[in-house]
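Asks: Data: input17.pdb, PDB, C-alpha atoms, pLDDT in the B column.
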```pdb
ATOM      1  CA  MET A 909      -2.109 -17.219  24.338  1.00 85.00           C
ATOM      2  CA  ASN A 910       0.154 -18.209  21.473  1.00 89.00           C
ATOM      3  CA  ASN A 911      -1.314 -18.457  18.020  1.00 92.00           C
ATOM      4  CA  ASN A 912      -0.283 -18.836  14.406  1.00 93.00           C
ATOM      5  CA  LEU A 913      -2.778 -16.341  13.045  1.00 95.00           C
ATOM      6  CA  ARG A 914      -0.114 -14.260  11.332  1.00 95.00           C
ATOM      7  CA  VAL A 915       1.155 -17.296   9.437  1.00 95.00           C
ATOM      8  CA  LEU A 916      -2.341 -18.335   8.396  1.00 95.00           C
ATOM      9  CA  ARG A 917      -3.123 -14.789   7.273  1.00 96.00           C
ATOM     10  CA  ALA A 918       0.077 -14.643   5.227  1.00 95.00           C
ATOM     11  CA  GLU A 919      -0.767 -17.959   3.571  1.00 95.00           C
ATOM     12  CA  HIS A 920      -3.955 -16.387   2.288  1.00 95.00           C
ATOM     13  CA  GLY A 921      -2.208 -13.169   1.268  1.00 95.00           C
ATOM     14  CA  TRP A 922      -4.429 -11.006   3.440  1.00 95.00           C
ATOM     15  CA  SER A 923      -3.493  -7.839   5.212  1.00 95.00           C
ATOM     16  CA  GLN A 924      -4.637  -7.258   8.772  1.00 95.00           C
ATOM     17  CA  ALA A 925      -7.250  -4.876   7.415  1.00 94.00           C
ATOM     18  CA  GLU A 926      -8.602  -7.480   5.010  1.00 94.00           C
ATOM     19  CA  LEU A 927      -8.774 -10.121   7.713  1.00 95.00           C
ATOM     20  CA  ALA A 928     -10.519  -7.643   9.999  1.00 94.00           C
ATOM     21  CA  ILE A 929     -13.178  -7.004   7.357  1.00 93.00           C
ATOM     22  CA  ARG A 930     -13.786 -10.725   6.943  1.00 94.00           C
ATOM     23  CA  LEU A 931     -14.099 -11.193  10.691  1.00 94.00           C
ATOM     24  CA  GLU A 932     -16.173  -8.027  11.135  1.00 92.00           C
ATOM     25  CA  VAL A 933     -13.822  -6.666  13.743  1.00 93.00           C
ATOM     26  CA  SER A 934     -11.357  -3.781  13.840  1.00 91.00           C
ATOM     27  CA  ARG A 935      -7.802  -4.039  12.577  1.00 92.00           C
ATOM     28  CA  GLN A 936      -6.706  -3.240  16.122  1.00 92.00           C
ATOM     29  CA  THR A 937      -8.361  -6.461  17.279  1.00 95.00           C
ATOM     30  CA  VAL A 938      -6.615  -8.548  14.624  1.00 96.00           C
ATOM     31  CA  ASN A 939      -3.261  -7.046  15.558  1.00 95.00           C
ATOM     32  CA  ALA A 940      -3.856  -7.584  19.279  1.00 95.00           C
ATOM     33  CA  ILE A 941      -4.729 -11.255  18.710  1.00 96.00           C
ATOM     34  CA  GLU A 942      -1.707 -11.850  16.473  1.00 95.00           C
ATOM     35  CA  THR A 943       0.671 -10.315  19.001  1.00 94.00           C
ATOM     36  CA  GLY A 944      -0.850 -12.364  21.804  1.00 92.00           C
ATOM     37  CA  LYS A 945      -2.023  -9.306  23.719  1.00 94.00           C
ATOM     38  CA  TYR A 946      -5.689 -10.198  23.433  1.00 95.00           C
ATOM     39  CA  ASP A 947      -7.448 -13.560  23.479  1.00 94.00           C
ATOM     40  CA  PRO A 948     -10.536 -13.657  21.258  1.00 95.00           C
ATOM     41  CA  SER A 949     -13.969 -14.519  22.565  1.00 95.00           C
ATOM     42  CA  LEU A 950     -15.400 -17.915  21.760  1.00 95.00           C
ATOM     43  CA  PRO A 951     -17.621 -16.650  18.893  1.00 95.00           C
ATOM     44  CA  LEU A 952     -14.641 -14.891  17.338  1.00 96.00           C
ATOM     45  CA  ALA A 953     -12.456 -17.986  17.785  1.00 96.00           C
ATOM     46  CA  PHE A 954     -15.081 -20.030  15.945  1.00 96.00           C
ATOM     47  CA  LYS A 955     -15.209 -17.416  13.178  1.00 95.00           C
ATOM     48  CA  LEU A 956     -11.449 -17.725  12.794  1.00 96.00           C
ATOM     49  CA  SER A 957     -11.729 -21.490  12.774  1.00 96.00           C
ATOM     50  CA  ARG A 958     -14.348 -21.462  10.002  1.00 96.00           C
ATOM     51  CA  LEU A 959     -12.512 -18.818   7.999  1.00 95.00           C
ATOM     52  CA  PHE A 960      -9.206 -20.671   7.957  1.00 95.00           C
ATOM     53  CA  GLY A 961     -10.691 -24.162   7.978  1.00 95.00           C
ATOM     54  CA  ARG A 962      -8.645 -25.149  11.020  1.00 95.00           C
ATOM     55  CA  ALA A 963      -9.601 -26.417  14.453  1.00 95.00           C
ATOM     56  CA  ILE A 964      -9.345 -23.868  17.239  1.00 94.00           C
ATOM     57  CA  GLU A 965      -6.684 -25.882  19.038  1.00 93.00           C
ATOM     58  CA  ASP A 966      -4.642 -25.909  15.818  1.00 93.00           C
ATOM     59  CA  MET A 967      -4.570 -22.135  15.832  1.00 94.00           C
ATOM     60  CA  PHE A 968      -4.283 -21.336  19.541  1.00 93.00           C
ATOM     61  CA  ASP A 969      -2.034 -22.718  22.229  1.00 90.00           C
ATOM     62  CA  ASP A 970      -2.191 -21.662  25.854  1.00 83.00           C
ATOM     63  CA  GLY A 971       0.917 -23.471  27.032  1.00 76.00           C
ATOM     64  CA  PRO A 972       3.022 -26.622  26.887  1.00 70.00           C
ATOM     65  CA  ILE A 973       1.334 -29.993  27.058  1.00 60.00           C
ATOM     66  CA  GLY A 974       0.951 -31.016  30.692  1.00 54.00           C
ATOM     67  CA  ALA A 975       0.670 -27.489  32.014  1.00 50.00           C
ATOM     68  CA  THR A 976      -3.026 -27.383  31.104  1.00 46.00           C
ATOM     69  CA  SER A 977      -3.626 -31.069  30.321  1.00 45.00           C
ATOM     70  CA  GLY A 978      -2.846 -30.313  26.675  1.00 43.00           C
ATOM     71  CA  THR A 979      -6.085 -28.489  26.032  1.00 46.00           C
ATOM     72  CA  SER A 980      -6.217 -24.767  25.341  1.00 50.00           C
ATOM     73  CA  ALA A 981      -8.486 -22.529  27.386  1.00 52.00           C
ATOM     74  CA  VAL A 982     -10.415 -21.596  24.246  1.00 53.00           C
ATOM     75  CA  THR A 983     -11.069 -25.267  23.465  1.00 52.00           C
ATOM     76  CA  LYS A 984     -12.100 -25.963  27.057  1.00 55.00           C
ATOM     77  CA  ARG A 985     -14.788 -23.305  26.792  1.00 55.00           C
ATOM     78  CA  ALA A 986     -15.865 -24.690  23.425  1.00 55.00           C
ATOM     79  CA  LYS A 987     -16.295 -28.197  24.849  1.00 56.00           C
ATOM     80  CA  ALA A 988     -18.107 -27.029  27.996  1.00 59.00           C
TER      81      ALA A 988
ATOM     82  CA  MET B1471      -9.709 -13.546  -3.869  1.00 40.00           C
ATOM     83  CA  THR B1472      -9.204 -10.135  -2.350  1.00 40.00           C
ATOM     84  CA  ASP B1473     -10.465  -8.139  -5.342  1.00 40.00           C
ATOM     85  CA  HIS B1474     -13.912  -7.684  -3.880  1.00 42.00           C
ATOM     86  CA  ILE B1475     -12.576  -6.558  -0.501  1.00 41.00           C
ATOM     87  CA  GLU B1476     -13.015  -2.838  -0.086  1.00 43.00           C
ATOM     88  CA  GLN B1477      -9.731  -1.344   1.040  1.00 42.00           C
ATOM     89  CA  THR B1478     -10.696   0.579   4.128  1.00 45.00           C
ATOM     90  CA  GLU B1479      -7.275   0.889   5.714  1.00 48.00           C
ATOM     91  CA  PRO B1480      -7.452   4.079   7.776  1.00 48.00           C
ATOM     92  CA  LYS B1481      -5.875   6.950   5.874  1.00 49.00           C
ATOM     93  CA  THR B1482      -5.897   9.526   8.615  1.00 49.00           C
ATOM     94  CA  ARG B1483      -3.804   9.473  11.766  1.00 46.00           C
ATOM     95  CA  LEU B1484      -6.967   9.479  13.837  1.00 44.00           C
ATOM     96  CA  GLY B1485      -8.264   6.516  11.879  1.00 46.00           C
ATOM     97  CA  ARG B1486      -5.007   4.621  12.362  1.00 46.00           C
ATOM     98  CA  ILE B1487      -5.047   5.329  16.072  1.00 42.00           C
ATOM     99  CA  HIS B1488      -8.561   3.993  16.365  1.00 46.00           C
ATOM    100  CA  GLY B1489      -8.292   1.176  13.807  1.00 47.00           C
ATOM    101  CA  TYR B1490     -12.059   1.201  13.587  1.00 47.00           C
ATOM    102  CA  LEU B1491     -12.721  -0.182  10.149  1.00 42.00           C
ATOM    103  CA  HIS B1492     -16.302  -1.097  10.689  1.00 46.00           C
ATOM    104  CA  SER B1493     -17.584   2.072  12.223  1.00 60.00           C
ATOM    105  CA  PRO B1494     -15.115   4.917  11.670  1.00 68.00           C
ATOM    106  CA  GLY B1495     -18.119   7.172  11.181  1.00 76.00           C
ATOM    107  CA  ASP B1496     -19.190   6.501  14.748  1.00 79.00           C
ATOM    108  CA  SER B1497     -15.802   7.641  16.059  1.00 81.00           C
ATOM    109  CA  TYR B1498     -15.887  10.878  14.103  1.00 84.00           C
ATOM    110  CA  GLN B1499     -19.510  11.525  15.061  1.00 87.00           C
ATOM    111  CA  LEU B1500     -18.686  11.017  18.722  1.00 88.00           C
ATOM    112  CA  LEU B1501     -15.734  13.368  18.463  1.00 87.00           C
ATOM    113  CA  GLY B1502     -17.853  15.952  16.688  1.00 90.00           C
ATOM    114  CA  TRP B1503     -20.630  15.860  19.261  1.00 92.00           C
ATOM    115  CA  ALA B1504     -18.141  15.960  22.157  1.00 89.00           C
ATOM    116  CA  LEU B1505     -16.348  18.965  20.692  1.00 91.00           C
ATOM    117  CA  ALA B1506     -19.633  20.759  20.043  1.00 93.00           C
ATOM    118  CA  TRP B1507     -20.676  20.131  23.626  1.00 92.00           C
ATOM    119  CA  ALA B1508     -17.342  21.317  25.032  1.00 90.00           C
ATOM    120  CA  ILE B1509     -17.435  24.513  22.962  1.00 93.00           C
ATOM    121  CA  ALA B1510     -21.077  25.195  23.881  1.00 93.00           C
ATOM    122  CA  PHE B1511     -20.374  24.554  27.563  1.00 90.00           C
ATOM    123  CA  VAL B1512     -17.369  26.859  27.695  1.00 90.00           C
ATOM    124  CA  GLY B1513     -19.164  29.493  25.645  1.00 93.00           C
ATOM    125  CA  ALA B1514     -22.316  29.402  27.759  1.00 93.00           C
ATOM    126  CA  SER B1515     -20.284  29.519  30.995  1.00 89.00           C
ATOM    127  CA  TRP B1516     -18.291  32.498  29.826  1.00 91.00           C
ATOM    128  CA  PHE B1517     -21.380  34.269  28.531  1.00 92.00           C
ATOM    129  CA  LEU B1518     -23.431  33.807  31.702  1.00 91.00           C
ATOM    130  CA  ARG B1519     -20.526  34.820  33.950  1.00 89.00           C
ATOM    131  CA  SER B1520     -20.183  38.071  32.043  1.00 90.00           C
ATOM    132  CA  ASP B1521     -23.543  39.083  33.556  1.00 84.00           C
ATOM    133  CA  PRO B1522     -25.243  39.830  30.235  1.00 83.00           C
ATOM    134  CA  ALA B1523     -28.256  42.075  29.992  1.00 87.00           C
ATOM    135  CA  ILE B1524     -30.696  39.337  28.993  1.00 87.00           C
ATOM    136  CA  SER B1525     -33.977  38.108  30.439  1.00 89.00           C
ATOM    137  CA  ALA B1526     -34.119  35.221  32.880  1.00 88.00           C
ATOM    138  CA  GLY B1527     -35.796  33.097  30.194  1.00 91.00           C
ATOM    139  CA  ALA B1528     -33.006  33.753  27.734  1.00 91.00           C
ATOM    140  CA  ALA B1529     -30.438  32.948  30.414  1.00 91.00           C
ATOM    141  CA  TRP B1530     -32.170  29.596  30.978  1.00 92.00           C
ATOM    142  CA  ILE B1531     -32.082  28.828  27.254  1.00 92.00           C
ATOM    143  CA  VAL B1532     -28.356  29.571  27.141  1.00 92.00           C
ATOM    144  CA  ALA B1533     -27.840  27.359  30.195  1.00 92.00           C
ATOM    145  CA  VAL B1534     -29.914  24.441  28.854  1.00 93.00           C
ATOM    146  CA  ALA B1535     -28.545  24.379  25.291  1.00 92.00           C
ATOM    147  CA  PRO B1536     -25.177  22.705  26.137  1.00 93.00           C
ATOM    148  CA  ASN B1537     -27.034  20.023  28.088  1.00 93.00           C
ATOM    149  CA  LEU B1538     -28.979  19.049  24.974  1.00 94.00           C
ATOM    150  CA  LEU B1539     -25.688  18.564  23.176  1.00 94.00           C
ATOM    151  CA  ALA B1540     -24.488  16.503  26.148  1.00 93.00           C
ATOM    152  CA  LEU B1541     -27.500  14.213  25.721  1.00 95.00           C
ATOM    153  CA  GLY B1542     -26.538  13.876  22.079  1.00 94.00           C
ATOM    154  CA  VAL B1543     -23.055  12.775  23.163  1.00 93.00           C
ATOM    155  CA  VAL B1544     -24.579  10.064  25.351  1.00 95.00           C
ATOM    156  CA  VAL B1545     -26.796   8.777  22.523  1.00 94.00           C
ATOM    157  CA  VAL B1546     -23.920   8.726  20.033  1.00 93.00           C
ATOM    158  CA  TYR B1547     -21.613   7.048  22.563  1.00 93.00           C
ATOM    159  CA  LEU B1548     -24.164   4.278  23.148  1.00 93.00           C
ATOM    160  CA  ARG B1549     -24.421   3.736  19.404  1.00 92.00           C
ATOM    161  CA  PHE B1550     -20.627   3.728  19.188  1.00 91.00           C
ATOM    162  CA  LEU B1551     -20.422   1.006  21.863  1.00 92.00           C
ATOM    163  CA  ARG B1552     -23.122  -1.123  20.218  1.00 91.00           C
ATOM    164  CA  ASN B1553     -21.306  -1.009  16.868  1.00 89.00           C
ATOM    165  CA  ALA B1554     -17.841  -1.512  18.342  1.00 90.00           C
ATOM    166  CA  ASP B1555     -16.118  -4.886  18.338  1.00 91.00           C
ATOM    167  CA  GLU B1556     -15.185  -6.847  21.456  1.00 94.00           C
ATOM    168  CA  LEU B1557     -11.729  -5.381  21.963  1.00 95.00           C
ATOM    169  CA  VAL B1558     -12.903  -1.805  21.537  1.00 92.00           C
ATOM    170  CA  ARG B1559     -15.674  -2.455  24.053  1.00 94.00           C
ATOM    171  CA  ARG B1560     -13.149  -3.858  26.524  1.00 95.00           C
ATOM    172  CA  ILE B1561     -10.936  -0.798  26.114  1.00 94.00           C
ATOM    173  CA  GLN B1562     -13.891   1.541  26.622  1.00 94.00           C
ATOM    174  CA  LEU B1563     -14.972  -0.469  29.665  1.00 95.00           C
ATOM    175  CA  GLU B1564     -11.532  -0.059  31.234  1.00 94.00           C
ATOM    176  CA  GLY B1565     -11.672   3.660  30.529  1.00 93.00           C
ATOM    177  CA  LEU B1566     -15.116   3.930  32.100  1.00 94.00           C
ATOM    178  CA  ALA B1567     -13.910   1.969  35.127  1.00 94.00           C
ATOM    179  CA  VAL B1568     -11.006   4.358  35.661  1.00 93.00           C
ATOM    180  CA  GLY B1569     -13.202   7.419  35.168  1.00 91.00           C
ATOM    181  CA  PHE B1570     -15.926   6.121  37.452  1.00 92.00           C
ATOM    182  CA  GLY B1571     -13.430   4.987  40.078  1.00 93.00           C
ATOM    183  CA  VAL B1572     -11.690   8.331  40.140  1.00 91.00           C
ATOM    184  CA  GLY B1573     -15.068  10.055  40.336  1.00 87.00           C
ATOM    185  CA  VAL B1574     -16.194   7.995  43.317  1.00 88.00           C
ATOM    186  CA  VAL B1575     -12.901   8.414  45.149  1.00 89.00           C
ATOM    187  CA  LEU B1576     -12.848  12.151  44.478  1.00 86.00           C
ATOM    188  CA  SER B1577     -16.454  12.867  45.348  1.00 84.00           C
ATOM    189  CA  MET B1578     -16.341  10.891  48.599  1.00 86.00           C
ATOM    190  CA  GLY B1579     -12.770  11.531  49.623  1.00 87.00           C
ATOM    191  CA  TYR B1580     -12.499  15.169  48.668  1.00 86.00           C
ATOM    192  CA  GLN B1581     -15.394  16.077  50.958  1.00 85.00           C
ATOM    193  CA  LEU B1582     -13.159  15.193  53.874  1.00 88.00           C
ATOM    194  CA  LEU B1583     -10.296  17.201  52.426  1.00 88.00           C
ATOM    195  CA  GLU B1584     -12.567  20.218  52.017  1.00 88.00           C
ATOM    196  CA  ARG B1585     -13.451  19.995  55.701  1.00 90.00           C
ATOM    197  CA  ALA B1586      -9.734  19.906  56.462  1.00 91.00           C
ATOM    198  CA  GLY B1587      -9.265  23.139  54.526  1.00 93.00           C
ATOM    199  CA  ALA B1588      -8.697  22.100  50.918  1.00 90.00           C
ATOM    200  CA  PRO B1589     -10.142  24.478  48.277  1.00 89.00           C
ATOM    201  CA  GLU B1590     -13.699  23.805  47.225  1.00 87.00           C
ATOM    202  CA  LEU B1591     -14.317  21.884  44.023  1.00 83.00           C
ATOM    203  CA  SER B1592     -17.425  22.531  41.974  1.00 84.00           C
ATOM    204  CA  PHE B1593     -19.418  19.732  40.389  1.00 82.00           C
ATOM    205  CA  SER B1594     -18.153  20.656  36.921  1.00 82.00           C
ATOM    206  CA  ASP B1595     -14.558  20.477  38.206  1.00 84.00           C
ATOM    207  CA  LEU B1596     -15.290  16.948  39.372  1.00 85.00           C
ATOM    208  CA  ALA B1597     -16.905  16.035  36.042  1.00 86.00           C
ATOM    209  CA  ALA B1598     -13.915  17.383  34.144  1.00 86.00           C
ATOM    210  CA  ILE B1599     -11.537  15.319  36.274  1.00 88.00           C
ATOM    211  CA  MET B1600     -13.662  12.202  35.690  1.00 89.00           C
ATOM    212  CA  MET B1601     -13.601  12.763  31.922  1.00 88.00           C
ATOM    213  CA  PHE B1602      -9.863  13.273  32.012  1.00 90.00           C
ATOM    214  CA  ALA B1603      -9.447  10.066  34.017  1.00 91.00           C
ATOM    215  CA  PHE B1604     -11.638   8.233  31.483  1.00 92.00           C
ATOM    216  CA  VAL B1605      -9.425   9.427  28.619  1.00 90.00           C
ATOM    217  CA  ILE B1606      -6.309   8.338  30.523  1.00 92.00           C
ATOM    218  CA  GLY B1607      -7.910   4.931  31.095  1.00 93.00           C
ATOM    219  CA  VAL B1608      -8.767   4.513  27.399  1.00 92.00           C
ATOM    220  CA  VAL B1609      -5.291   5.592  26.273  1.00 92.00           C
ATOM    221  CA  ARG B1610      -3.658   3.190  28.745  1.00 93.00           C
ATOM    222  CA  ALA B1611      -5.861   0.295  27.648  1.00 93.00           C
ATOM    223  CA  ASN B1612      -5.221   1.078  23.973  1.00 91.00           C
ATOM    224  CA  ARG B1613      -1.481   0.893  24.593  1.00 92.00           C
ATOM    225  CA  GLN B1614      -1.870  -2.363  26.478  1.00 92.00           C
ATOM    226  CA  TYR B1615      -3.553  -4.022  23.497  1.00 91.00           C
ATOM    227  CA  SER B1616      -1.420  -2.457  20.775  1.00 88.00           C
TER     228      SER B1616
END
```
Kindly present the structure from the file in C-alpha cells form.

Replies:
Amino acid sequence: MNNNLRVLRAEHGWSQAELAIRLEVSRQTVNAIETGKYDPSLPLAFKLSRLFGRAIEDMFDDGPIGATSGTSAVTKRAKA
Amino acid sequence: MTDHIEQTEPKTRLGRIHGYLHSPGDSYQLLGWALAWAIAFVGASWFLRSDPAISAGAAWIVAVAPNLLALGVVVVYLRFLRNADELVRRIQLEGLAVGFGVGVVLSMGYQLLERAGAPELSFSDLAAIMMFAFVIGVVRANRQYS
C-alpha cells in the first residue's frame, strides 16, 4: 500500500527512530511501512492518524480510484 | 519538539539488524540464554560420551542441567514475543512456521527414508535441523520486510 509517511515524518523533522519511539514500535516497522513492504494494523494506523493529525485515507492509498471503489483497505476495516 | 526524545538509535550491528528500540534488552537476553543453553548442551553431551567416572546421580544432574537452561530460553522467548511489536511478531511467526513445517516433514517423511536405508537421525539431530530452519525463516522474513 502506498503512503506518504516519509513526507509527513520529514515535515516534523523526525528520524525513523524518533517516530518509532512515538508509535511504540521498532524502527524496522517504521521503515517497512514507509517502503510499502508492510501494511500497519488498524490500531497502528489510527495511532499514525492521531500523531500526524491526518485521516487514514489521506496517508494511505491502496490503488487508483475505481480499482477499489476509491476506498483504501485500511479505511474499509476502520468503517466496518 | 524532539529534545525530550531519548535517542535510542541502535549503536551496535546486532541492534541495527534487529531494530528493536523498545526491547533491545529482550533480544540480548534471548541470545544470552540461547548461547548458554547451546554451550551447556554441547558440554554435557561431550562429557557424558567420554564415559566419566561419576555416579549415576551425578550423570543425571549433568544431563538435566542443560534442559533447565532450555526452559529459561522458552520463558525469555515468550517475554520477547509479548514485548515485540506487530512486525517483529509476524517475522517470528513466519520463522516458527518454517521451523515447525520442516520439523513435521522431516519427522514424518524421514521415517520412510530410514526404512529405505537412509542413515538414522537422532531426535537432537531433528531438533537442530528445526532450529536451523527457524533461523532461515526469520532471516528470510526480515529481508522481505527490510

Asks: Please, which residues of chain A lie no more than 10 Å from chain B when the count uses all atoms listed in the file, and can they be set out as an mmCIF file with C-alpha atoms, in the frame of the given file?

Replies:
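As written to disk, part_27.cif reads:
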```cif
data_model
loop_
_atom_site.group_PDB
_atom_site.id
_atom_site.type_symbol
_atom_site.label_atom_id
_atom_site.label_comp_id
_atom_site.auth_asym_id
_atom_site.auth_seq_id
_atom_site.Cartn_x
_atom_site.Cartn_y
_atom_site.Cartn_z
ATOM 1 C CA HIS A 920 -3.955 -16.387 2.288
ATOM 2 C CA GLY A 921 -2.208 -13.169 1.268
ATOM 3 C CA TRP A 922 -4.429 -11.006 3.440
ATOM 4 C CA SER A 923 -3.493 -7.839 5.212
ATOM 5 C CA GLN A 924 -4.637 -7.258 8.772
ATOM 6 C CA ALA A 925 -7.250 -4.876 7.415
ATOM 7 C CA GLU A 926 -8.602 -7.480 5.010
ATOM 8 C CA LEU A 927 -8.774 -10.121 7.713
ATOM 9 C CA ALA A 928 -10.519 -7.643 9.999
ATOM 10 C CA ILE A 929 -13.178 -7.004 7.357
ATOM 11 C CA ARG A 930 -13.786 -10.725 6.943
ATOM 12 C CA GLU A 932 -16.173 -8.027 11.135
ATOM 13 C CA VAL A 933 -13.822 -6.666 13.743
ATOM 14 C CA SER A 934 -11.357 -3.781 13.840
ATOM 15 C CA ARG A 935 -7.802 -4.039 12.577
ATOM 16 C CA GLN A 936 -6.706 -3.240 16.122
ATOM 17 C CA THR A 937 -8.361 -6.461 17.279
ATOM 18 C CA VAL A 938 -6.615 -8.548 14.624
ATOM 19 C CA ASN A 939 -3.261 -7.046 15.558
ATOM 20 C CA ALA A 940 -3.856 -7.584 19.279
ATOM 21 C CA ILE A 941 -4.729 -11.255 18.710
ATOM 22 C CA THR A 943 0.671 -10.315 19.001
ATOM 23 C CA GLY A 944 -0.850 -12.364 21.804
ATOM 24 C CA LYS A 945 -2.023 -9.306 23.719
ATOM 25 C CA TYR A 946 -5.689 -10.198 23.433
ATOM 26 C CA ASP A 947 -7.448 -13.560 23.479
ATOM 27 C CA PRO A 948 -10.536 -13.657 21.258
ATOM 28 C CA SER A 949 -13.969 -14.519 22.565
ATOM 29 C CA LEU A 952 -14.641 -14.891 17.338
#
```

Asks: Can you turn the PyMOL selection byres ((chain B and resi 1546) around 12) into a concrete residue list for this file, as a PDB file with C-alpha atoms, in the frame of the given file?

Replies:
```
ATOM      1  CA  GLY B1495     -18.119   7.172  11.181  1.00 76.00           C
ATOM      2  CA  ASP B1496     -19.190   6.501  14.748  1.00 79.00           C
ATOM      3  CA  SER B1497     -15.802   7.641  16.059  1.00 81.00           C
ATOM      4  CA  TYR B1498     -15.887  10.878  14.103  1.00 84.00           C
ATOM      5  CA  GLN B1499     -19.510  11.525  15.061  1.00 87.00           C
ATOM      6  CA  LEU B1500     -18.686  11.017  18.722  1.00 88.00           C
ATOM      7  CA  LEU B1501     -15.734  13.368  18.463  1.00 87.00           C
ATOM      8  CA  GLY B1502     -17.853  15.952  16.688  1.00 90.00           C
ATOM      9  CA  TRP B1503     -20.630  15.860  19.261  1.00 92.00           C
ATOM     10  CA  ALA B1504     -18.141  15.960  22.157  1.00 89.00           C
ATOM     11  CA  LEU B1539     -25.688  18.564  23.176  1.00 94.00           C
ATOM     12  CA  ALA B1540     -24.488  16.503  26.148  1.00 93.00           C
ATOM     13  CA  LEU B1541     -27.500  14.213  25.721  1.00 95.00           C
ATOM     14  CA  GLY B1542     -26.538  13.876  22.079  1.00 94.00           C
ATOM     15  CA  VAL B1543     -23.055  12.775  23.163  1.00 93.00           C
ATOM     16  CA  VAL B1544     -24.579  10.064  25.351  1.00 95.00           C
ATOM     17  CA  VAL B1545     -26.796   8.777  22.523  1.00 94.00           C
ATOM     18  CA  TYR B1547     -21.613   7.048  22.563  1.00 93.00           C
ATOM     19  CA  LEU B1548     -24.164   4.278  23.148  1.00 93.00           C
ATOM     20  CA  ARG B1549     -24.421   3.736  19.404  1.00 92.00           C
ATOM     21  CA  PHE B1550     -20.627   3.728  19.188  1.00 91.00           C
ATOM     22  CA  LEU B1551     -20.422   1.006  21.863  1.00 92.00           C
ATOM     23  CA  ARG B1552     -23.122  -1.123  20.218  1.00 91.00           C
ATOM     24  CA  ASN B1553     -21.306  -1.009  16.868  1.00 89.00           C
TER      25      ASN B1553
END
```

Asks: I'd like the interatomic distance between atom CA of A:Asn910 and atom CA of A:Ala963, to a tenth of an Å.

Replies: 14.6 Å

Asks: Do you know which residues the PyMOL selection byres ((chain A and resi 964) around 8) returns on this file, as a list in words?

Replies: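 With the PyMOL selection byres ((chain A and resi 964) around 8) on this model, the match is Ala953, Phe954, Leu956, Ser957, Arg962, Ala963, Glu965, Asp966, Met967, Phe968, Val982 and Thr983 of chain A.
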